[in-house]
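As stored in upload_35.cif (mmCIF, C-alpha atoms and all ligand atoms):
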data_coords
loop_
_atom_site.label_atom_id
_atom_site.label_comp_id
_atom_site.auth_asym_id
_atom_site.auth_seq_id
_atom_site.Cartn_x
_atom_site.Cartn_y
_atom_site.Cartn_z
CA MET A 1 39.78 45.55 -68.89
CA LYS A 2 37.01 43.75 -66.98
CA ILE A 3 36.55 39.99 -67.29
CA GLU A 4 33.40 38.07 -66.37
CA LYS A 5 32.81 34.32 -66.59
CA ASN A 6 29.63 32.64 -67.87
CA LYS A 7 27.88 35.85 -68.84
CA ILE A 8 24.36 35.75 -70.20
CA LEU A 9 24.06 37.67 -73.49
CA THR A 10 20.26 38.10 -73.85
CA SER A 11 20.29 41.86 -73.22
CA LEU A 12 23.42 42.36 -75.36
CA ASN A 13 21.90 41.18 -78.66
CA THR A 14 18.86 42.89 -80.18
CA PHE A 15 17.37 39.55 -81.30
CA LYS A 16 17.19 38.78 -77.53
CA ILE A 17 18.55 35.27 -77.99
CA LYS A 18 19.28 33.62 -74.64
CA GLU A 19 22.89 32.47 -74.90
CA TYR A 20 25.97 32.54 -72.69
CA CYS A 21 29.64 33.13 -73.18
CA GLU A 22 32.41 31.52 -71.15
CA GLU A 23 34.64 34.60 -70.98
CA PHE A 24 33.34 38.17 -71.44
CA ILE A 25 36.01 40.86 -71.76
CA LYS A 26 34.94 44.51 -71.57
CA ILE A 27 37.41 46.91 -73.19
CA GLU A 28 37.22 50.60 -72.20
CA ASP A 29 40.63 51.69 -73.51
CA LYS A 30 41.95 50.39 -76.87
CA LYS A 31 45.42 49.80 -75.37
CA GLU A 32 43.87 47.02 -73.24
CA LEU A 33 43.62 44.99 -76.47
CA LEU A 34 47.39 44.46 -76.25
CA ASN A 35 46.84 42.37 -73.08
CA VAL A 36 43.95 40.21 -74.28
CA ASP A 37 44.71 36.52 -74.50
CA PHE A 38 42.63 35.78 -77.63
CA THR A 39 41.23 32.23 -77.87
CA ASP A 40 40.85 30.47 -81.23
CA ASP A 41 37.12 31.30 -81.19
CA PHE A 42 36.07 34.82 -80.17
CA LEU A 43 33.38 37.32 -81.05
CA ILE A 44 33.87 41.07 -81.19
CA LEU A 45 30.67 42.57 -79.85
CA GLY A 46 29.39 46.09 -80.37
CA GLY A 47 25.68 46.79 -79.93
CA GLY A 48 24.70 43.23 -80.95
CA SER A 49 22.26 44.61 -83.53
CA ASN A 50 23.50 42.68 -86.55
CA LEU A 51 23.99 39.26 -85.01
CA LEU A 52 22.23 35.94 -84.59
CA ILE A 53 23.96 34.03 -81.80
CA THR A 54 23.41 30.32 -82.40
CA LYS A 55 25.64 28.72 -79.75
CA ARG A 56 27.37 29.13 -76.40
CA LEU A 57 30.34 31.40 -77.13
CA LYS A 58 33.87 30.87 -75.85
CA GLN A 59 35.10 34.46 -75.67
CA VAL A 60 33.44 37.81 -76.28
CA ILE A 61 35.39 41.06 -76.66
CA PHE A 62 32.91 43.83 -75.80
CA LEU A 63 34.12 47.20 -77.09
CA GLN A 64 33.10 50.14 -74.92
CA THR A 65 35.76 52.69 -75.90
CA LYS A 66 34.25 56.20 -76.01
CA GLY A 67 35.23 59.59 -77.41
CA ILE A 68 34.48 62.05 -80.22
CA LYS A 69 37.22 64.48 -81.24
CA ILE A 70 37.43 67.21 -83.90
CA ILE A 71 40.73 66.66 -85.70
CA SER A 72 40.70 69.62 -88.12
CA GLU A 73 38.40 71.89 -90.07
CA THR A 74 38.32 74.17 -93.08
CA SER A 75 35.61 76.56 -94.26
CA ASP A 76 34.05 73.60 -96.16
CA ASP A 77 34.36 70.58 -93.90
CA MET A 78 35.20 69.10 -90.53
CA ILE A 79 37.23 65.97 -89.77
CA ILE A 80 35.97 64.06 -86.72
CA LYS A 81 37.52 60.97 -85.11
CA VAL A 82 35.17 58.70 -83.17
CA GLU A 83 36.11 55.78 -80.91
CA ALA A 84 34.65 52.40 -81.88
CA GLY A 85 32.47 51.90 -78.80
CA GLU A 86 30.52 55.14 -79.28
CA GLU A 87 26.90 54.62 -80.19
CA TRP A 88 26.45 55.32 -83.93
CA ASP A 89 23.38 57.50 -83.44
CA HIS A 90 25.14 59.54 -80.75
CA PHE A 91 27.75 60.46 -83.38
CA VAL A 92 25.03 61.31 -85.95
CA LYS A 93 23.28 63.59 -83.44
CA TYR A 94 26.60 65.23 -82.55
CA SER A 95 27.23 65.96 -86.25
CA VAL A 96 23.81 67.46 -87.02
CA ASP A 97 23.91 69.52 -83.81
CA LYS A 98 27.04 71.10 -85.32
CA ASN A 99 25.08 71.81 -88.57
CA LEU A 100 27.24 69.35 -90.50
CA TYR A 101 26.00 67.38 -93.52
CA GLY A 102 26.62 63.77 -94.53
CA ALA A 103 25.47 61.57 -91.63
CA GLU A 104 21.84 62.71 -91.23
CA ASN A 105 20.28 60.10 -93.57
CA LEU A 106 21.93 57.41 -91.40
CA SER A 107 20.11 58.56 -88.25
CA PHE A 108 18.73 56.05 -85.77
CA ILE A 109 20.66 53.02 -87.06
CA PRO A 110 21.40 50.95 -83.95
CA GLY A 111 24.90 49.79 -83.02
CA THR A 112 28.37 51.20 -82.58
CA VAL A 113 30.65 53.37 -84.70
CA GLY A 114 33.20 50.53 -84.84
CA ALA A 115 30.72 48.20 -86.56
CA ALA A 116 29.55 50.79 -89.12
CA PRO A 117 32.37 50.17 -91.64
CA ILE A 118 32.02 46.36 -91.37
CA GLN A 119 28.90 46.14 -93.53
CA ASN A 120 29.13 49.75 -94.75
CA ILE A 121 25.81 50.64 -93.11
CA GLY A 122 23.33 52.40 -95.32
CA ALA A 123 19.87 53.90 -95.36
CA TYR A 124 17.85 56.49 -97.28
CA GLY A 125 20.29 56.67 -100.18
CA ALA A 126 23.41 57.20 -98.01
CA GLU A 127 26.17 54.83 -96.95
CA ALA A 128 28.85 55.10 -94.26
CA LYS A 129 31.52 54.91 -96.98
CA ASP A 130 30.40 58.35 -98.27
CA ILE A 131 31.67 60.04 -95.09
CA ILE A 132 34.42 57.71 -93.84
CA GLN A 133 37.89 59.15 -94.32
CA ASP A 134 39.81 56.30 -92.69
CA VAL A 135 39.46 53.37 -90.31
CA GLU A 136 41.89 52.51 -87.51
CA PHE A 137 42.10 48.91 -86.33
CA PHE A 138 44.05 46.59 -84.04
CA ASN A 139 45.71 43.75 -85.92
CA ILE A 140 45.29 40.68 -83.70
CA THR A 141 48.22 38.81 -85.31
CA THR A 142 50.83 41.58 -85.28
CA LYS A 143 49.43 43.38 -82.18
CA GLN A 144 49.85 46.68 -84.05
CA PHE A 145 47.39 49.49 -84.69
CA GLU A 146 46.98 50.24 -88.42
CA VAL A 147 44.98 52.73 -90.48
CA PHE A 148 43.26 52.05 -93.80
CA GLU A 149 42.18 54.99 -95.93
CA ASN A 150 38.68 54.79 -97.41
CA LYS A 151 39.82 53.32 -100.76
CA LYS A 152 41.66 50.43 -99.07
CA CYS A 153 38.49 49.38 -97.19
CA ASN A 154 36.89 47.95 -100.41
CA PHE A 155 33.47 49.31 -99.49
CA GLU A 156 30.54 47.92 -101.44
CA TYR A 157 26.83 47.41 -100.82
CA ARG A 158 26.66 46.01 -97.23
CA SER A 159 30.25 44.86 -97.50
CA SER A 160 33.88 45.81 -96.89
CA ILE A 161 37.30 44.24 -96.48
CA PHE A 162 36.54 43.98 -92.74
CA LYS A 163 33.42 41.84 -93.26
CA TYR A 164 35.21 39.13 -95.23
CA GLU A 165 39.02 39.15 -95.81
CA LEU A 166 39.86 40.63 -92.39
CA LYS A 167 37.05 38.98 -90.39
CA ASN A 168 38.33 37.91 -86.95
CA LYS A 169 41.81 39.21 -87.83
CA ILE A 170 41.28 42.82 -86.77
CA ILE A 171 39.27 44.93 -84.34
CA ILE A 172 38.18 48.37 -85.51
CA THR A 173 39.21 50.86 -82.81
CA SER A 174 38.15 54.21 -84.32
CA VAL A 175 36.70 55.74 -87.47
CA THR A 176 37.51 59.19 -88.87
CA PHE A 177 34.77 60.99 -90.77
CA LYS A 178 34.78 63.94 -93.17
CA LEU A 179 31.55 65.93 -92.89
CA SER A 180 30.49 68.94 -94.93
CA LYS A 181 29.79 72.41 -93.54
CA LEU A 182 28.09 73.22 -96.85
CA LYS A 183 24.48 72.22 -97.31
CA LYS A 184 24.31 68.94 -99.25
CA LEU A 185 20.93 67.26 -99.04
CA ASN A 186 20.10 63.77 -100.25
CA LEU A 187 16.30 63.49 -100.30
CA GLN A 188 15.61 61.19 -103.23
CA TYR A 189 14.99 58.02 -101.26
CA GLY A 190 12.53 56.40 -98.86
CA GLY A 191 9.79 58.97 -98.95
CA LEU A 192 11.88 61.95 -97.79
CA THR A 193 10.75 64.18 -100.70
CA GLN A 194 7.10 63.43 -99.90
CA TYR A 195 7.76 63.98 -96.19
CA PHE A 196 8.98 67.54 -96.78
CA GLY A 197 6.49 68.47 -99.53
CA GLU A 198 6.89 72.20 -100.26
CA LYS A 199 9.09 72.89 -97.20
CA LYS A 200 12.05 75.18 -97.92
CA ASN A 201 15.34 75.73 -96.05
CA ILE A 202 15.66 72.11 -94.97
CA THR A 203 18.64 71.46 -92.66
CA SER A 204 20.45 68.28 -91.62
CA ILE A 205 18.51 68.44 -88.32
CA ASP A 206 15.22 68.41 -90.28
CA VAL A 207 16.41 65.40 -92.31
CA ARG A 208 17.43 63.58 -89.11
CA ASP A 209 13.98 64.26 -87.59
CA ALA A 210 12.28 63.03 -90.78
CA VAL A 211 14.37 59.86 -90.98
CA ILE A 212 13.66 59.07 -87.31
CA ALA A 213 9.91 59.68 -87.76
CA ILE A 214 9.77 57.43 -90.87
CA ARG A 215 11.92 54.69 -89.30
CA GLU A 216 9.75 54.66 -86.17
CA THR A 217 6.65 53.85 -88.23
CA LYS A 218 8.34 51.02 -90.16
CA LEU A 219 10.83 49.27 -87.91
CA PRO A 220 10.10 47.19 -84.81
CA ASN A 221 11.44 48.61 -81.54
CA THR A 222 14.07 46.11 -80.37
CA ASP A 223 13.14 46.76 -76.70
CA ILE A 224 9.68 45.37 -77.43
CA ILE A 225 10.24 42.82 -80.22
CA GLY A 226 13.63 41.18 -80.79
CA ASN A 227 15.11 41.61 -84.29
CA SER A 228 18.29 42.54 -86.13
CA GLY A 229 16.85 44.93 -88.70
CA SER A 230 16.96 43.66 -92.29
CA PHE A 231 17.71 39.95 -92.07
CA PHE A 232 18.43 39.73 -95.82
CA LYS A 233 20.29 41.92 -98.29
CA ASN A 234 18.43 43.25 -101.31
CA ALA A 235 18.78 41.02 -104.37
CA ILE A 236 21.07 42.07 -107.23
CA VAL A 237 20.16 40.43 -110.56
CA PRO A 238 21.56 40.69 -114.10
CA GLU A 239 19.53 42.53 -116.78
CA GLN A 240 18.32 39.29 -118.42
CA LYS A 241 16.85 38.03 -115.15
CA LEU A 242 15.18 41.38 -114.54
CA CYS A 243 13.55 41.20 -118.01
CA GLU A 244 12.24 37.70 -117.25
CA LEU A 245 10.78 38.89 -113.95
CA LYS A 246 9.30 42.04 -115.51
CA ALA A 247 7.51 39.94 -118.12
CA LYS A 248 5.83 37.96 -115.34
CA TYR A 249 5.44 40.75 -112.76
CA PRO A 250 5.12 44.08 -114.65
CA ASN A 251 4.99 46.06 -111.37
CA ILE A 252 8.17 44.64 -109.89
CA PRO A 253 10.23 47.46 -108.32
CA PHE A 254 13.92 47.70 -109.32
CA PHE A 255 16.84 50.14 -109.25
CA LYS A 256 20.07 50.30 -111.26
CA ALA A 257 22.92 49.19 -108.99
CA ALA A 258 26.57 48.16 -109.20
CA GLY A 259 26.64 44.64 -110.70
CA GLY A 260 23.12 44.73 -112.16
CA PHE A 261 19.69 45.69 -110.85
CA LYS A 262 18.61 45.81 -107.23
CA ILE A 263 15.24 44.26 -106.43
CA PRO A 264 13.86 44.91 -102.93
CA THR A 265 13.94 41.54 -101.17
CA ALA A 266 11.00 42.73 -99.03
CA TRP A 267 8.91 42.83 -102.23
CA LEU A 268 9.93 39.26 -103.17
CA ILE A 269 9.13 37.93 -99.68
CA GLU A 270 5.79 39.73 -99.56
CA LYS A 271 4.89 38.51 -103.06
CA ALA A 272 5.71 34.97 -101.89
CA GLY A 273 2.97 35.45 -99.28
CA LEU A 274 5.36 35.26 -96.32
CA LYS A 275 4.82 38.68 -94.68
CA GLY A 276 3.62 37.87 -91.14
CA PHE A 277 4.46 34.16 -91.59
CA LYS A 278 5.48 32.39 -88.34
CA HIS A 279 7.61 29.40 -87.42
CA GLY A 280 7.40 28.64 -83.69
CA ASN A 281 8.26 31.86 -81.90
CA ALA A 282 10.07 33.32 -84.93
CA GLY A 283 8.31 35.30 -87.62
CA VAL A 284 8.52 37.52 -90.69
CA TYR A 285 7.59 40.99 -89.39
CA ASN A 286 4.05 41.85 -90.43
CA LYS A 287 4.90 45.50 -91.25
CA HIS A 288 8.19 44.90 -93.11
CA ALA A 289 8.95 41.58 -94.78
CA LEU A 290 12.74 42.04 -94.76
CA ILE A 291 12.81 41.76 -90.98
CA LEU A 292 12.66 38.50 -89.03
CA VAL A 293 11.48 38.88 -85.46
CA ASN A 294 11.57 37.03 -82.16
CA HIS A 295 7.96 36.95 -80.96
CA GLY A 296 9.23 35.94 -77.51
CA GLY A 297 11.48 33.09 -76.47
CA ALA A 298 12.48 32.14 -80.04
CA THR A 299 15.61 30.04 -80.38
CA ALA A 300 18.30 30.88 -82.92
CA GLN A 301 17.45 27.55 -84.61
CA GLU A 302 13.84 28.65 -85.12
CA ILE A 303 15.04 31.89 -86.71
CA LEU A 304 17.57 30.05 -88.90
CA TYR A 305 14.94 27.55 -90.01
CA LEU A 306 12.59 30.40 -90.91
CA SER A 307 15.31 32.25 -92.84
CA ASP A 308 16.15 29.11 -94.87
CA TYR A 309 12.45 28.59 -95.54
CA VAL A 310 12.10 32.18 -96.81
CA GLU A 311 15.25 31.91 -98.97
CA ASN A 312 14.06 28.63 -100.54
CA LYS A 313 10.52 29.88 -101.17
CA VAL A 314 11.84 33.03 -102.90
CA PHE A 315 14.19 30.92 -105.03
CA GLU A 316 11.42 28.47 -105.99
CA LEU A 317 9.09 31.27 -107.07
CA PHE A 318 11.43 33.81 -108.67
CA GLY A 319 14.69 31.93 -109.31
CA VAL A 320 16.48 34.61 -107.26
CA ARG A 321 18.93 33.69 -104.48
CA ILE A 322 18.75 36.08 -101.53
CA ASN A 323 21.57 36.38 -99.02
CA LYS A 324 21.61 37.00 -95.30
CA GLU A 325 22.74 40.43 -94.07
CA VAL A 326 22.85 39.38 -90.40
CA ASN A 327 26.04 37.76 -89.06
CA ILE A 328 25.42 34.20 -87.87
CA VAL A 329 27.73 33.24 -85.00
C1 LIG B 1 15.98 47.88 -85.82
C2 LIG B 1 17.26 47.80 -86.64
C3 LIG B 1 17.42 48.61 -87.74
C4 LIG B 1 18.59 48.56 -88.50
N1 LIG B 1 18.71 49.38 -89.59
C5 LIG B 1 19.82 49.33 -90.34
C6 LIG B 1 19.95 50.17 -91.48
O1 LIG B 1 19.09 51.00 -91.78
N2 LIG B 1 21.08 50.06 -92.24
C7 LIG B 1 22.07 49.18 -91.91
O2 LIG B 1 23.08 49.14 -92.64
N3 LIG B 1 21.98 48.38 -90.83
C8 LIG B 1 20.89 48.42 -90.04
N4 LIG B 1 20.77 47.61 -88.95
C9 LIG B 1 21.86 46.66 -88.63
C10 LIG B 1 22.85 47.17 -87.58
O3 LIG B 1 22.32 48.26 -86.87
C11 LIG B 1 24.19 47.61 -88.18
O4 LIG B 1 24.76 46.56 -88.94
C12 LIG B 1 25.19 48.06 -87.13
O5 LIG B 1 26.34 48.62 -87.74
C13 LIG B 1 25.63 46.92 -86.20
O6 LIG B 1 26.38 47.51 -85.15
P1 LIG B 1 26.63 46.73 -83.80
O7 LIG B 1 27.59 47.56 -83.00
O8 LIG B 1 25.36 46.39 -83.15
O9 LIG B 1 27.38 45.43 -84.34
P2 LIG B 1 27.28 43.95 -83.75
O10 LIG B 1 25.95 43.39 -84.04
O11 LIG B 1 27.74 43.93 -82.33
O12 LIG B 1 28.36 43.23 -84.66
C14 LIG B 1 28.12 43.05 -86.05
C15 LIG B 1 29.36 42.40 -86.71
O13 LIG B 1 30.45 43.31 -86.67
C16 LIG B 1 31.54 42.78 -85.90
N5 LIG B 1 32.06 43.91 -85.13
C17 LIG B 1 31.37 44.74 -84.31
N6 LIG B 1 32.18 45.72 -83.84
C18 LIG B 1 33.41 45.49 -84.38
C19 LIG B 1 34.67 46.14 -84.30
N7 LIG B 1 34.84 47.25 -83.56
N8 LIG B 1 35.71 45.63 -84.98
C20 LIG B 1 35.57 44.51 -85.74
N9 LIG B 1 34.40 43.84 -85.87
C21 LIG B 1 33.34 44.33 -85.20
C22 LIG B 1 30.92 41.71 -85.03
O14 LIG B 1 31.87 40.73 -84.65
C23 LIG B 1 29.85 41.15 -85.96
O15 LIG B 1 30.40 40.28 -86.90
C24 LIG B 1 19.62 47.65 -88.15
C25 LIG B 1 19.45 46.83 -87.02
C26 LIG B 1 18.31 46.91 -86.27
C27 LIG B 1 18.15 46.04 -85.05
#
Please render this file's structure as structure tokens.
Ligand SMILES: Cc1cc2nc3c(=O)[nH]c(=O)nc-3n(C[C@H](O)[C@H](O)[C@H](O)COP(=O)(O)OP(=O)(O)OC[C@H]3O[C@@H](n4cnc5c(N)ncnc54)[C@H](O)[C@@H]3O)c2cc1C
Amino acid sequence: MKIEKNKILTSLNTFKIKEYCEEFIKIEDKKELLNVDFTDDFLILGGGSNLLITKRLKQVIFLQTKGIKIISETSDDMIIKVEAGEEWDHFVKYSVDKNLYGAENLSFIPGTVGAAPIQNIGAYGAEAKDIIQDVEFFNITTKQFEVFENKKCNFEYRSSIFKYELKNKIIITSVTFKLSKLKKLNLQYGGLTQYFGEKKNITSIDVRDAVIAIRETKLPNTDIIGNSGSFFKNAIVPEQKLCELKAKYPNIPFFKAAGGFKIPTAWLIEKAGLKGFKHGNAGVYNKHALILVNHGGATAQEILYLSDYVENKVFELFGVRINKEVNIV
């Protein structure tokens, strides 16, 4: 365990917000968690890619535990346990290099393995919940390590038991995945079918390459322009609301989803004329309206003001409430 005082966090959050923390604790072995003197106000930090830091923080627990281990395998699948501080995309690459299927659509998502179950990360028609077998965590109150099987994690769209009920009560220490040795492709979403055209014999490595190529054209590089990916979740509306919207906007895109119909929030924001809109040094990304960006030196307050403005404008125009995906701390 390494402790630093008054650490600047600018390079540890992808929004590149300039903030400090009073005590910064780097954990390289999960057993060190037993010796942490937790304050009443702490932040567990992974890759800092789903955060908007709005204040000076008291205590940051920075998880840097590493390790990928094959637990067991059959002719059909492989069970792999990954420590929380491993980079998510490092695990995805490891899995496709072994010709396994299940993680490839989730290629190139920033952040750590330990954060992946929190909001049940998803992209290109896949979600982390589809491959998670169980999640191990440290219970801060009891100081015990516990394991929740997939079903107990209450995974939903960008949500889990860890994001709400167990927030700040536990620290995820490792995740065990079940990946398929049999070819199982999921190409229905995000332009993957068009990308491959007539190509035959597609492998998980090909899908990973395709996802990376598509993501690189759409998403801002966090080294160049600060952002936290999608700032908002997609909107879920009941059928009646969808009918109302369809009557007014016949071309509105929508998908059947748990709890109603999913409408891409990027479409709503763009239709509201806010793509590329700026407030101070904060802005709505001009290539993807779901992403708020730091054009350089933006304060968290500027980004928060902009996000409220976007939410209110969308509500005024469409009567649809959109919710933040990014964690505000
Ligand atoms: C360019 C870009 C693209 C993105 N694309 C996607 C995408 O396609 N799909 C998607 O779902 N997300 C996407 N994201 C969001 C982000 O990558 C994920 O949410 C990721 O899982 C966050 O991981 P992290 O380690 O950076 O978490 P952090 O930002 O460090 O933390 C996020 C939250 O999880 C908590 N947390 C972190 N680690 C732990 C732990 N071990 N135990 C308990 N709590 C913990 C933190 O306290 C915080 O509340 C994108 C972000 C960016 C910047």
**Prompt:** Skipping near chain neighbours, those fewer than 2 positions away, what residues fall within 7 Å of Gly46 of chain A using all atoms listed in the file, listed as a list in words?
**Reply:**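 Residues meeting the cut-off are Ile44, Gly48, Phe62, Leu63, Gly85, Gly111, Thr112 and Ala115 of chain A.
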**Item:** Cut-off 8 Å, only C-alpha atoms and all ligand atoms, neighbours of ligand LIG 1 (chain B) as a ChimeraX atom specification
**Value:** /A:13-15,43-51,63,84-85,87-88,106,108-124,127,137,158,162-163,167-168,170-174,219-222,226-230,326-329
**Item:** Residue contacts of Tyr189 of chain A (10 Å, all atoms listed in the file) excluding same-chain residues fewer than 4 positions away, as a list in words
**Value:** Asn105, Ala123, Tyr124, Gly125, Ala126, Thr193 and Gln194 of chain A
**Item:** Pick from A:Pro238, A:Lys200, A:Ile269, A:Lys143, whichever lies nearest to Phe255 of chain A using all atoms listed in the file
**Value:** A:Pro238
**Request:** Excluding Leu245 of chain A and any residue of its chain fewer than 6 positions from it, enumerate the residues within 12 Å of it, using all atoms listed in the file, and give them as a PyMOL selection string.
**Result:** chain A and resi 237-239+251-254+261+263+268+317-320
How about saving the chosen residues, C-alpha atoms kept, as a short mmCIF file (atom, residue, chain, number, x, y, z; two decimals), in the frame of the given file?
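Generated file (out.cif):
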data_model
loop_
_atom_site.label_atom_id
_atom_site.label_comp_id
_atom_site.auth_asym_id
_atom_site.auth_seq_id
_atom_site.Cartn_x
_atom_site.Cartn_y
_atom_site.Cartn_z
CA VAL A 237 20.16 40.43 -110.56
CA PRO A 238 21.56 40.69 -114.10
CA GLU A 239 19.53 42.53 -116.78
CA ASN A 251 4.99 46.06 -111.37
CA ILE A 252 8.17 44.64 -109.89
CA PRO A 253 10.23 47.46 -108.32
CA PHE A 254 13.92 47.70 -109.32
CA PHE A 261 19.69 45.69 -110.85
CA ILE A 263 15.24 44.26 -106.43
CA LEU A 268 9.93 39.26 -103.17
CA LEU A 317 9.09 31.27 -107.07
CA PHE A 318 11.43 33.81 -108.67
CA GLY A 319 14.69 31.93 -109.31
CA VAL A 320 16.48 34.61 -107.26
#
**Message:** So that I can check the surroundings of segment 275-282 of chain A, please list as a PyMOL selection string every protein, DNA and RNA residue that reaches within 9 Å of it, counting all atoms listed in the file and ignoring chain neighbours fewer than 4 positions away.
**Reply:** chain A and resi 266+269-271+286-290+292-300+302-303+305-306
**Prompt:** From the set A:Tyr157, A:Phe148, A:Phe315, A:Phe177, which residue has the shortest atom-to-atom contact distance to Ala258 of chain A, counting all atoms listed in the file?
**Reply:**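 Using all atoms listed in the file, Ala258 of chain A sits closest to A:Tyr157.
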**Request:** Name the residues in contact with Phe38 of chain A at a cut-off of 10 Å, using only C-alpha atoms, excluding same-chain residues fewer than 6 positions from it; report them as a PyMOL selection string.
**Result:** chain A and resi 59-61+140-141
**Complete:** Expressed in Å, the length from atom CA of Tyr20 of chain A to atom CA of Glu4 of chain A is 11.2 Å
**Asked** Quick one, how far is atom CA of Glu19 of chain A from atom CA of Lys58 of chain A?
**Response**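 Atom-to-atom, atom CA of Glu19 of chain A to atom CA of Lys58 of chain A, that is 11.1 Å.
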**Asked** Nearest to Lys262 of chain A among A:Cys153, A:Ile224, A:Leu9, A:Leu242, with distances taken over only C-alpha atoms: which residue is it?
**Response**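 Of A:Cys153, A:Ile224, A:Leu9, A:Leu242, the one nearest Lys262 of chain A, counting only C-alpha atoms, is A:Leu242.
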